[in-house]
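*Asks:* Below: one structure in structure tokens.
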Amino acid sequence: MEGGPSARIREGDCAVLKRDEVFKAVSVLRRRKIIFEKQWFYLDNAIGHIYGTTFEVTSGGNLQPKQEVEETTTETKEAGTDNRNIVDDGKSQKLTHDDIKALKDKGIKGQEIVQQLIENSTTFRDKTEFAQDKYIKKKKKKYEAVITIVKPSTRILSTMYYAREPGKIIHLRYDTLAQMLTLGNIHAGNKMIVMETCAGLVLGAVMERMGGYGSIIQMYPGGGPVRAATSCFGFPKPFFDNLHEFPLSKVQSLLSGTFTTETLPADPEENALLEEESNGLSEEKQTSLQETEEEPATEAPMEIGPTEEQDTMDINAKDVEFKGNKEKENKENVREKQIKQWERRKKLKEAAALLREKNADGLIVASKFHPTPLLLSLLEFVAPSRPFVVYCQYKEPLLECYTKLRERGGVINLKLSETWLRNYQVLPDRSHPKLTMSGGGGYLLSGITVVLEKGKSDSSNSEALKMEEPSSKRCKLQDLPC
């Protein structure tokens, strides 16, 4: 399968640059300058290599595959037993910034610079073995320009977004996303409804799990869907054949049976733009016509030579040609917009037809909007005995959603959960939890749909619940001895 462990980097691919625990998604293009972690380079030499290859940044911004060198242990033979007597006064390092800069200018590699820093440190041999390893790791990170190019995946992209721009994915942590995919029973052949405002990350995760088989209907607010993170996955074109989109503003009309494709969310804006353009053109035409009409009237009394007459004729001819070209361009633009509008309406009809069947295999909601109205309306399109998952950064909206669903009925196995994550450093004789830890990964409300009995109303259900308690109490009172 494409994108396997032996996949090679090709021009036009979407790739992820990795340095330690820092990630950045880029598109692989020739002669394109990329800046990552205070380093600039070109990806030309990376094309053709296998994903997962580690490169060194050489002079001129070129990438060269890093050769594995066996680390010698001579530098860590002598080690102290206590760090308490070491004073960090900034005088322990003999090499200055100018010396290090001169070494870089000579083209000396980062590994050799680190070795010289160790040799010129007066306190290195007094440090403990663990402190020495930490020092070497820190200096390597600073002076060794090493970059790994990896294939995009849900785990890598979710980690990247959560570390760099958590606000764009409403602070959806990668372990919470994994729980959503599991609870939603995402697999190939499903018919899924996805409502998210996470820049397309959740949509991309669902598409990756389904592997191009099945259909997905993306519900979106506003004028159109946002799929910035989805494009970073680098899916092949067949993956998008069964991806549909439907605006949230049309959900109620679809449920009530009054849905039409005549007024799309972006239609009024486009029409306004067209009207403005046409009005502007008509005004320009009117003013230009008025000017051409007025000019001969004002210039008639004056004597005009033959050369001047020719100049005015040429100018008028150029104006006519310019106006003709402008009219052609406007007609072409209008045609293009009409074709795009027609295509949008066709796609909208297809998505509406899929939703009308009301047999979706699952529902995933991860948005910045309140989940209760969203879930109550979108559950109408889900078939019975199917899972649904709702993510929210806060607990209170999901608690309200939980109570509303219990009152409404039609769902079972309702669970409100919070995922907990702690990262560990695992090294010989020093495995411990990392000092920095995520405060929270958000909350999930999950459940399974069942057939909702239409004969019973919510009021009758509530009355039945009220009647149960007094009757049980009366029974207990009757059983008591006099």
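Letters A, B, ... go to the chains of the structure tokens in the order shown; residues in each chain start at 1; ligands are counted from 1 in the same order.
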Do you know which residues are at most 10 Å from Pro152 of chain A counting only C-alpha atoms, after dropping those on the same chain fewer than 3 positions away, and could you put them as a ChimeraX atom specification?
*Replies:* /A:3,13-17,25-26,51,149,155-158,232-235
*Asks:* How would the residues just chosen look if you wrote them out with N, CA, C and O atoms as a JSON list (two decimals), in the first residue's frame?
*Replies:*
```json
[["chain", "number", "residue", "atom", "x", "y", "z"],
["A", 3, "GLY", "N", 2.42, 4.62, 1.05],
["A", 3, "GLY", "CA", 2.61, 5.19, 2.37],
["A", 3, "GLY", "C", 3.08, 4.18, 3.39],
["A", 3, "GLY", "O", 3.02, 4.41, 4.58],
["A", 13, "ASP", "N", 4.74, 15.60, -2.52],
["A", 13, "ASP", "CA", 4.20, 14.91, -1.34],
["A", 13, "ASP", "C", 4.01, 15.89, -0.19],
["A", 13, "ASP", "O", 4.66, 16.94, -0.12],
["A", 14, "CYS", "N", 3.13, 15.51, 0.74],
["A", 14, "CYS", "CA", 3.03, 16.19, 2.03],
["A", 14, "CYS", "C", 3.87, 15.40, 3.03],
["A", 14, "CYS", "O", 3.63, 14.20, 3.20],
["A", 15, "ALA", "N", 4.83, 16.03, 3.63],
["A", 15, "ALA", "CA", 5.74, 15.36, 4.56],
["A", 15, "ALA", "C", 5.77, 16.13, 5.87],
["A", 15, "ALA", "O", 5.33, 17.28, 5.96],
["A", 16, "VAL", "N", 6.31, 15.49, 6.90],
["A", 16, "VAL", "CA", 6.44, 16.11, 8.22],
["A", 16, "VAL", "C", 7.91, 16.09, 8.61],
["A", 16, "VAL", "O", 8.56, 15.04, 8.58],
["A", 17, "LEU", "N", 8.43, 17.26, 8.96],
["A", 17, "LEU", "CA", 9.80, 17.38, 9.45],
["A", 17, "LEU", "C", 9.80, 17.17, 10.96],
["A", 17, "LEU", "O", 8.95, 17.71, 11.67],
["A", 25, "ALA", "N", 4.64, 20.33, 9.28],
["A", 25, "ALA", "CA", 4.15, 19.77, 8.01],
["A", 25, "ALA", "C", 4.53, 20.70, 6.86],
["A", 25, "ALA", "O", 4.32, 21.91, 6.94],
["A", 26, "VAL", "N", 5.10, 20.13, 5.80],
["A", 26, "VAL", "CA", 5.53, 20.90, 4.63],
["A", 26, "VAL", "C", 5.18, 20.10, 3.37],
["A", 26, "VAL", "O", 4.96, 18.89, 3.42],
["A", 51, "TYR", "N", 11.05, 7.43, 3.58],
["A", 51, "TYR", "CA", 10.52, 8.16, 4.73],
["A", 51, "TYR", "C", 11.10, 7.59, 6.01],
["A", 51, "TYR", "O", 11.22, 6.38, 6.18],
["A", 149, "ILE", "N", 12.66, 13.20, 8.16],
["A", 149, "ILE", "CA", 11.44, 13.40, 7.36],
["A", 149, "ILE", "C", 10.58, 12.14, 7.49],
["A", 149, "ILE", "O", 11.02, 11.04, 7.16],
["A", 155, "ARG", "N", -1.45, 10.20, 14.30],
["A", 155, "ARG", "CA", -0.70, 10.39, 15.54],
["A", 155, "ARG", "C", 0.26, 11.56, 15.42],
["A", 155, "ARG", "O", 0.33, 12.43, 16.31],
["A", 156, "ILE", "N", 1.00, 11.63, 14.32],
["A", 156, "ILE", "CA", 2.01, 12.67, 14.15],
["A", 156, "ILE", "C", 1.36, 14.05, 13.99],
["A", 156, "ILE", "O", 1.77, 15.02, 14.64],
["A", 157, "LEU", "N", 0.32, 14.14, 13.16],
["A", 157, "LEU", "CA", -0.32, 15.43, 12.92],
["A", 157, "LEU", "C", -1.07, 15.93, 14.15],
["A", 157, "LEU", "O", -1.07, 17.13, 14.44],
["A", 158, "SER", "N", -1.71, 15.02, 14.89],
["A", 158, "SER", "CA", -2.41, 15.45, 16.11],
["A", 158, "SER", "C", -1.42, 15.91, 17.16],
["A", 158, "SER", "O", -1.67, 16.90, 17.88],
["A", 232, "CYS", "N", -2.88, 17.99, 4.89],
["A", 232, "CYS", "CA", -1.55, 17.59, 5.35],
["A", 232, "CYS", "C", -1.36, 16.07, 5.34],
["A", 232, "CYS", "O", -0.22, 15.60, 5.35],
["A", 233, "PHE", "N", -2.44, 15.31, 5.33],
["A", 233, "PHE", "CA", -2.33, 13.86, 5.33],
["A", 233, "PHE", "C", -1.78, 13.34, 4.00],
["A", 233, "PHE", "O", -1.20, 12.26, 3.94],
["A", 234, "GLY", "N", -2.02, 14.09, 2.92],
["A", 234, "GLY", "CA", -1.55, 13.66, 1.60],
["A", 234, "GLY", "C", -2.30, 12.48, 1.05],
["A", 234, "GLY", "O", -1.72, 11.58, 0.44],
["A", 235, "PHE", "N", -3.62, 12.46, 1.25],
["A", 235, "PHE", "CA", -4.43, 11.34, 0.75],
["A", 235, "PHE", "C", -4.46, 11.35, -0.78],
["A", 235, "PHE", "O", -4.47, 12.41, -1.40]]
```
*Asks:* Segment 243-248 of chain A: which residues within 8 Å, counting only C-alpha atoms, same-chain residues fewer than 3 positions away excluded, as a list in words?
*Replies:*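 That gives Ser215, Ile216, Ile217, Gln218, Met219, Tyr220, Pro221, Gly222, Gly223, Gly224, Pro225, Phe239, Phe240, Val251, Pro265, Lys347, Leu348, Glu350, Ala351 and Ala352 of chain A.
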*Asks:* Write to file, as an mmCIF file, in the first residue's frame, the residues of the selection just made, with N, CA and C atoms.
*Replies:*
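Contents of again_13.cif, as written:
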```cif
data_model
loop_
_atom_site.group_PDB
_atom_site.id
_atom_site.type_symbol
_atom_site.label_atom_id
_atom_site.label_comp_id
_atom_site.auth_asym_id
_atom_site.auth_seq_id
_atom_site.Cartn_x
_atom_site.Cartn_y
_atom_site.Cartn_z
ATOM 1 N N SER A 215 -18.346 6.003 2.913
ATOM 2 C CA SER A 215 -18.693 7.391 2.594
ATOM 3 C C SER A 215 -18.698 8.223 3.868
ATOM 4 N N ILE A 216 -18.316 9.493 3.714
ATOM 5 C CA ILE A 216 -18.269 10.441 4.838
ATOM 6 C C ILE A 216 -19.037 11.685 4.439
ATOM 7 N N ILE A 217 -19.889 12.151 5.338
ATOM 8 C CA ILE A 217 -20.627 13.405 5.126
ATOM 9 C C ILE A 217 -20.128 14.391 6.176
ATOM 10 N N GLN A 218 -19.469 15.440 5.729
ATOM 11 C CA GLN A 218 -18.946 16.449 6.644
ATOM 12 C C GLN A 218 -19.956 17.579 6.779
ATOM 13 N N MET A 219 -20.423 17.808 7.990
ATOM 14 C CA MET A 219 -21.318 18.930 8.271
ATOM 15 C C MET A 219 -20.441 20.140 8.612
ATOM 16 N N TYR A 220 -20.771 21.294 8.044
ATOM 17 C CA TYR A 220 -19.922 22.462 8.263
ATOM 18 C C TYR A 220 -20.761 23.701 8.528
ATOM 19 N N PRO A 221 -20.252 24.614 9.369
ATOM 20 C CA PRO A 221 -20.919 25.910 9.560
ATOM 21 C C PRO A 221 -20.353 26.929 8.584
ATOM 22 N N GLY A 222 -21.093 27.993 8.335
ATOM 23 C CA GLY A 222 -20.584 29.060 7.474
ATOM 24 C C GLY A 222 -20.662 28.734 6.001
ATOM 25 N N GLY A 223 -19.760 29.350 5.226
ATOM 26 C CA GLY A 223 -19.808 29.255 3.773
ATOM 27 C C GLY A 223 -19.232 27.998 3.174
ATOM 28 N N GLY A 224 -18.318 27.315 3.890
ATOM 29 C CA GLY A 224 -17.702 26.117 3.329
ATOM 30 C C GLY A 224 -16.873 25.386 4.369
ATOM 31 N N PRO A 225 -16.542 24.123 4.084
ATOM 32 C CA PRO A 225 -15.769 23.340 5.055
ATOM 33 C C PRO A 225 -14.303 23.748 5.093
ATOM 34 N N PHE A 239 -9.609 8.937 -2.330
ATOM 35 C CA PHE A 239 -10.115 9.098 -0.961
ATOM 36 C C PHE A 239 -11.204 10.172 -0.894
ATOM 37 N N PHE A 240 -11.141 11.143 -1.815
ATOM 38 C CA PHE A 240 -12.086 12.258 -1.776
ATOM 39 C C PHE A 240 -13.326 12.012 -2.638
ATOM 40 N N VAL A 251 -29.874 21.848 7.792
ATOM 41 C CA VAL A 251 -30.274 20.601 8.464
ATOM 42 C C VAL A 251 -31.752 20.623 8.821
ATOM 43 N N PRO A 265 -25.388 28.754 1.044
ATOM 44 C CA PRO A 265 -24.868 29.723 2.003
ATOM 45 C C PRO A 265 -24.015 30.820 1.373
ATOM 46 N N LYS A 347 -23.370 18.478 -5.715
ATOM 47 C CA LYS A 347 -22.808 17.813 -4.541
ATOM 48 C C LYS A 347 -23.736 17.918 -3.342
ATOM 49 N N LEU A 348 -24.374 19.071 -3.202
ATOM 50 C CA LEU A 348 -25.304 19.276 -2.092
ATOM 51 C C LEU A 348 -26.498 18.340 -2.192
ATOM 52 N N GLU A 350 -26.479 15.397 -3.661
ATOM 53 C CA GLU A 350 -25.987 14.051 -3.349
ATOM 54 C C GLU A 350 -25.876 13.837 -1.840
ATOM 55 N N ALA A 351 -25.335 14.849 -1.135
ATOM 56 C CA ALA A 351 -25.212 14.753 0.327
ATOM 57 C C ALA A 351 -26.584 14.700 0.986
ATOM 58 N N ALA A 352 -27.526 15.506 0.475
ATOM 59 C CA ALA A 352 -28.887 15.507 1.030
ATOM 60 C C ALA A 352 -29.557 14.152 0.818
#
```
*Asks:* Could you please determine the separation between atom CA of Leu117 of chain A and atom CA of Ile136 of chain A in Å, to one decimal place?
*Replies:*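 Value for the atom CA of Leu117 of chain A-atom CA of Ile136 of chain A distance: 9.3 Å.
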*Asks:* Near segment 181-187 of chain A, within 10 Å and counting only C-alpha atoms, which residues show up once chain neighbours fewer than 5 positions away are dropped, as a ChimeraX atom specification?
*Replies:* /A:176,192,202,205-211,213-214,361-364,386-390,444-448
